[in-house]
Amino acid sequence: MAGPAFDQREGSIWYNGEYVDWKDAKLHVLSHGLHYGSLVFEGVRAYGGKIFKLEEHTERLFRSADALGFKLPYTRDELNQVQLDILKKEGLQDAYLRPCAWRGSETMGVAAQSNSINMVVAAWDWPSYFSPEERLKGLKLAIAEWRRPDPRTIPCKAKAAGLYMICTLSKHKAENDGYTDAVMLDHEGYVAEATAANIFFVKDGVLHTPRPDSFLDGITRQTVIQLAKRRGLEVLERKILPEEMADFEECFLTGTAAEVTPVASIDKYNFKPAEITTRLMHDYMDEVMPKAVAAE
Ligand code: PMP
């Protein structure tokens with residue numbers, strides 16, 4: 001298993017403007033964020049001591065809070081600085097950072113307009129286990145029974161706790177059935193994404209990826225599209241029917257945690273991680289790694 005439980009680690013967590021001991025970073029059991037899902041968060045990664053796309057992640061956190069109708073009590077610059085500081089303070093190089101904001105405990109009921117907004121930033125060691133050979137075997141994915149919700153039913157572009165309930169249900173079901181993860185369809189039955197990552201397919205040298213109209217347009221997804229275009233590859237963002245998966249040759253997931261991860265199968269559809277997936281895996285790792293500063 002992956003080390004001590006997440007409430008039992010050493011170090012400090014930035015909590016409402018100050019650093020507290022990791023084990024003391026608690027919230028009250030009667031918190032709106034916990035009961036009513038009024039919580040937004042980010043998943044950010046640092047490589048070699050440098051945070052990848054920090055500003056983009058912070059911007060998304062602000063958009064998520066806005067979508068849930070609350071205002072973060074810090075500025076973008078302050079939150080960026082906290083993340084840079086906590087890495088240094090904790091002596092981390094390759095790390096995962098988790099900024100998070102939620103409505104507090106002043107009232108307990110659906111309405112909580114005057115509740116305080118609480119914030120934490122935690123960071124922990126997360127080495128990049130990049131072993132292309134191992135990864136090229138590819139993931140075995142199921143198709144989830146739960147679908148991404150209709151954008152008219154939930155603020156689907158927010159990275160908010162409530163959106164993950166069906167992801168956890170889908171991932172647990174997939175794991176219990178012998179898969180690593182699940183691909184979710186959207187409310188109309190088109191391929192959408194995995195439970196915490198976007199998805200790409202390859203056919204005849206062209207990339208196909210679902211248009212993110214009812215789910216997160218991941219920062220990694222956007223990066224990979226740029227990298228692919230830089231390589232001269234065509235990228236089609238479009239509606240993809242599950243049956244089309246029969247004709248795709250390669251498939252991979254993208255996400256801050258997943259990076260670029262090849263997929264070997266989705267339910268009855270098989271793929272062969274090959275040239276384009278491998279190239280983009282390498283291009284992505286080159287992109288996230290801090291560049292050495294040229295000697296004067
Ligand atoms: N979709 C979902 C549901 C996710 O949780 C994530 C991970 N944040 C992604 C897509 C990929 O987003 P990103 O590339 O910004 O990490």
# chains A, B, ... in the order shown; residues from 1 in each chain; ligands from 1
>>> closest_atom_pairs(of="chain A", to="ligand 1", cutoff="8 Å", atoms="only C-alpha atoms and all ligand atoms", output="Markdown table")
| residue | atom | partner | partner_atom_place_in_ligand_line | distance |
| --- | --- | --- | --- | --- |
| A:Glu42 | CA | ligand 1 | 8 (N) | 6.9 |
| A:Gly43 | CA | ligand 1 | 8 (N) | 5.8 |
| A:Val44 | CA | ligand 1 | 16 (O) | 7.3 |
| A:His57 | CA | ligand 1 | 15 (O) | 7.3 |
| A:Lys159 | CA | ligand 1 | 5 (O) | 7.1 |
| A:Leu163 | CA | ligand 1 | 3 (C) | 7.7 |
| A:Tyr164 | CA | ligand 1 | 3 (C) | 7.1 |
| A:Cys167 | CA | ligand 1 | 3 (C) | 7.4 |
| A:Glu193 | CA | ligand 1 | 1 (N) | 6.5 |
| A:Ala194 | CA | ligand 1 | 1 (N) | 6.8 |
| A:Thr195 | CA | ligand 1 | 3 (C) | 5.3 |
| A:Ala196 | CA | ligand 1 | 5 (O) | 3.4 |
| A:Ala197 | CA | ligand 1 | 10 (C) | 3.8 |
| A:Asn198 | CA | ligand 1 | 10 (C) | 4.8 |
| A:Phe215 | CA | ligand 1 | 1 (N) | 6.6 |
| A:Leu216 | CA | ligand 1 | 1 (N) | 5.0 |
| A:Asp217 | CA | ligand 1 | 10 (C) | 6.6 |
| A:Gly218 | CA | ligand 1 | 12 (O) | 3.4 |
| A:Ile219 | CA | ligand 1 | 15 (O) | 3.7 |
| A:Thr220 | CA | ligand 1 | 14 (O) | 3.6 |
| A:Arg221 | CA | ligand 1 | 14 (O) | 5.4 |
| A:Gln222 | CA | ligand 1 | 14 (O) | 7.6 |
| A:Thr254 | CA | ligand 1 | 14 (O) | 5.9 |
| A:Gly255 | CA | ligand 1 | 14 (O) | 3.5 |
| A:Thr256 | CA | ligand 1 | 16 (O) | 3.7 |
| A:Ala257 | CA | ligand 1 | 16 (O) | 6.4 |
| A:Ala258 | CA | ligand 1 | 16 (O) | 7.9 |
| A:Glu259 | CA | ligand 1 | 14 (O) | 7.7 |
>>> residues_around(residues="range 38-41 of chain A", least_positions_apart="3", cutoff="6 Å", atoms="only C-alpha atoms", output="ChimeraX atom specification")
/A:33,99-103,159-161
>>> closest_residue(among="A:Ala123, A:Leu236, A:Val288, A:Val183", to="Val202 in chain A", atoms="only C-alpha atoms")
A:Leu236
>>> decode(residues="range 244-276 of chain A", atoms="N, CA and C atoms", output="PDB file, in the first residue's frame")
ATOM      1  N   GLU A 244     -17.849   2.878 -32.259  1.00  0.00           N
ATOM      2  CA  GLU A 244     -16.698   3.294 -33.068  1.00  0.00           C
ATOM      3  C   GLU A 244     -15.385   2.777 -32.502  1.00  0.00           C
ATOM      4  N   MET A 245     -15.416   2.394 -31.224  1.00  0.00           N
ATOM      5  CA  MET A 245     -14.170   1.940 -30.599  1.00  0.00           C
ATOM      6  C   MET A 245     -13.634   0.691 -31.300  1.00  0.00           C
ATOM      7  N   ALA A 246     -14.506  -0.027 -32.009  1.00  0.00           N
ATOM      8  CA  ALA A 246     -14.082  -1.233 -32.743  1.00  0.00           C
ATOM      9  C   ALA A 246     -13.038  -0.890 -33.803  1.00  0.00           C
ATOM     10  N   ASP A 247     -13.082   0.329 -34.331  1.00  0.00           N
ATOM     11  CA  ASP A 247     -12.185   0.703 -35.431  1.00  0.00           C
ATOM     12  C   ASP A 247     -10.940   1.473 -34.995  1.00  0.00           C
ATOM     13  N   PHE A 248     -10.874   1.850 -33.721  1.00  0.00           N
ATOM     14  CA  PHE A 248      -9.703   2.617 -33.292  1.00  0.00           C
ATOM     15  C   PHE A 248      -8.518   1.678 -33.028  1.00  0.00           C
ATOM     16  N   GLU A 249      -7.311   2.173 -33.333  1.00  0.00           N
ATOM     17  CA  GLU A 249      -6.115   1.327 -33.198  1.00  0.00           C
ATOM     18  C   GLU A 249      -5.451   1.502 -31.832  1.00  0.00           C
ATOM     19  N   GLU A 250      -5.336   2.776 -31.411  1.00  0.00           N
ATOM     20  CA  GLU A 250      -4.679   3.050 -30.125  1.00  0.00           C
ATOM     21  C   GLU A 250      -5.648   3.835 -29.251  1.00  0.00           C
ATOM     22  N   CYS A 251      -5.389   3.800 -27.951  1.00  0.00           N
ATOM     23  CA  CYS A 251      -6.212   4.555 -27.009  1.00  0.00           C
ATOM     24  C   CYS A 251      -5.353   4.911 -25.802  1.00  0.00           C
ATOM     25  N   PHE A 252      -5.523   6.119 -25.288  1.00  0.00           N
ATOM     26  CA  PHE A 252      -4.809   6.475 -24.053  1.00  0.00           C
ATOM     27  C   PHE A 252      -5.615   7.473 -23.239  1.00  0.00           C
ATOM     28  N   LEU A 253      -5.301   7.521 -21.943  1.00  0.00           N
ATOM     29  CA  LEU A 253      -5.938   8.458 -21.022  1.00  0.00           C
ATOM     30  C   LEU A 253      -4.973   9.599 -20.747  1.00  0.00           C
ATOM     31  N   THR A 254      -5.518  10.768 -20.406  1.00  0.00           N
ATOM     32  CA  THR A 254      -4.673  11.889 -19.989  1.00  0.00           C
ATOM     33  C   THR A 254      -5.218  12.499 -18.712  1.00  0.00           C
ATOM     34  N   GLY A 255      -4.310  12.885 -17.833  1.00  0.00           N
ATOM     35  CA  GLY A 255      -4.715  13.555 -16.604  1.00  0.00           C
ATOM     36  C   GLY A 255      -3.481  13.926 -15.807  1.00  0.00           C
ATOM     37  N   THR A 256      -3.649  14.828 -14.865  1.00  0.00           N
ATOM     38  CA  THR A 256      -2.517  15.240 -14.044  1.00  0.00           C
ATOM     39  C   THR A 256      -1.902  14.023 -13.354  1.00  0.00           C
ATOM     40  N   ALA A 257      -2.752  13.150 -12.824  1.00  0.00           N
ATOM     41  CA  ALA A 257      -2.242  11.940 -12.167  1.00  0.00           C
ATOM     42  C   ALA A 257      -1.887  10.881 -13.206  1.00  0.00           C
ATOM     43  N   ALA A 258      -2.750  10.690 -14.202  1.00  0.00           N
ATOM     44  CA  ALA A 258      -2.552   9.617 -15.191  1.00  0.00           C
ATOM     45  C   ALA A 258      -1.420   9.935 -16.172  1.00  0.00           C
ATOM     46  N   GLU A 259      -1.082  11.227 -16.306  1.00  0.00           N
ATOM     47  CA  GLU A 259      -0.158  11.685 -17.353  1.00  0.00           C
ATOM     48  C   GLU A 259      -0.707  11.188 -18.694  1.00  0.00           C
ATOM     49  N   VAL A 260       0.124  10.477 -19.500  1.00  0.00           N
ATOM     50  CA  VAL A 260      -0.419   9.846 -20.711  1.00  0.00           C
ATOM     51  C   VAL A 260      -0.314   8.339 -20.478  1.00  0.00           C
ATOM     52  N   THR A 261      -1.444   7.691 -20.307  1.00  0.00           N
ATOM     53  CA  THR A 261      -1.428   6.264 -19.980  1.00  0.00           C
ATOM     54  C   THR A 261      -2.149   5.447 -21.055  1.00  0.00           C
ATOM     55  N   PRO A 262      -1.424   4.532 -21.687  1.00  0.00           N
ATOM     56  CA  PRO A 262      -2.021   3.705 -22.726  1.00  0.00           C
ATOM     57  C   PRO A 262      -3.129   2.790 -22.195  1.00  0.00           C
ATOM     58  N   VAL A 263      -4.090   2.516 -23.065  1.00  0.00           N
ATOM     59  CA  VAL A 263      -5.206   1.631 -22.745  1.00  0.00           C
ATOM     60  C   VAL A 263      -5.128   0.423 -23.679  1.00  0.00           C
ATOM     61  N   ALA A 264      -5.245  -0.776 -23.100  1.00  0.00           N
ATOM     62  CA  ALA A 264      -5.189  -2.000 -23.912  1.00  0.00           C
ATOM     63  C   ALA A 264      -6.581  -2.452 -24.328  1.00  0.00           C
ATOM     64  N   SER A 265      -7.570  -2.222 -23.453  1.00  0.00           N
ATOM     65  CA  SER A 265      -8.922  -2.625 -23.833  1.00  0.00           C
ATOM     66  C   SER A 265      -9.958  -1.835 -23.062  1.00  0.00           C
ATOM     67  N   ILE A 266     -11.123  -1.679 -23.707  1.00  0.00           N
ATOM     68  CA  ILE A 266     -12.291  -1.098 -23.052  1.00  0.00           C
ATOM     69  C   ILE A 266     -13.425  -2.075 -23.328  1.00  0.00           C
ATOM     70  N   ASP A 267     -13.823  -2.791 -22.300  1.00  0.00           N
ATOM     71  CA  ASP A 267     -14.852  -3.817 -22.468  1.00  0.00           C
ATOM     72  C   ASP A 267     -14.385  -4.775 -23.577  1.00  0.00           C
ATOM     73  N   LYS A 268     -15.146  -4.940 -24.666  1.00  0.00           N
ATOM     74  CA  LYS A 268     -14.760  -5.911 -25.707  1.00  0.00           C
ATOM     75  C   LYS A 268     -13.858  -5.310 -26.782  1.00  0.00           C
ATOM     76  N   TYR A 269     -13.522  -4.039 -26.664  1.00  0.00           N
ATOM     77  CA  TYR A 269     -12.727  -3.385 -27.697  1.00  0.00           C
ATOM     78  C   TYR A 269     -11.241  -3.392 -27.314  1.00  0.00           C
ATOM     79  N   ASN A 270     -10.402  -3.855 -28.231  1.00  0.00           N
ATOM     80  CA  ASN A 270      -8.968  -3.954 -27.935  1.00  0.00           C
ATOM     81  C   ASN A 270      -8.166  -2.927 -28.723  1.00  0.00           C
ATOM     82  N   PHE A 271      -7.086  -2.465 -28.083  1.00  0.00           N
ATOM     83  CA  PHE A 271      -6.209  -1.476 -28.715  1.00  0.00           C
ATOM     84  C   PHE A 271      -4.767  -1.938 -28.558  1.00  0.00           C
ATOM     85  N   LYS A 272      -3.913  -1.391 -29.402  1.00  0.00           N
ATOM     86  CA  LYS A 272      -2.496  -1.748 -29.291  1.00  0.00           C
ATOM     87  C   LYS A 272      -1.718  -0.460 -29.106  1.00  0.00           C
ATOM     88  N   PRO A 273      -1.303  -0.182 -27.867  1.00  0.00           N
ATOM     89  CA  PRO A 273      -0.509   1.039 -27.669  1.00  0.00           C
ATOM     90  C   PRO A 273       0.680   1.002 -28.613  1.00  0.00           C
ATOM     91  N   ALA A 274       0.784   1.984 -29.472  1.00  0.00           N
ATOM     92  CA  ALA A 274       1.840   1.945 -30.489  1.00  0.00           C
ATOM     93  C   ALA A 274       2.500   3.303 -30.622  1.00  0.00           C
ATOM     94  N   GLU A 275       2.877   3.620 -31.855  1.00  0.00           N
ATOM     95  CA  GLU A 275       3.785   4.738 -32.094  1.00  0.00           C
ATOM     96  C   GLU A 275       3.281   6.078 -31.549  1.00  0.00           C
ATOM     97  N   ILE A 276       2.039   6.394 -31.835  1.00  0.00           N
ATOM     98  CA  ILE A 276       1.577   7.737 -31.468  1.00  0.00           C
ATOM     99  C   ILE A 276       1.440   7.868 -29.952  1.00  0.00           C
TER     100      ILE A 276
END
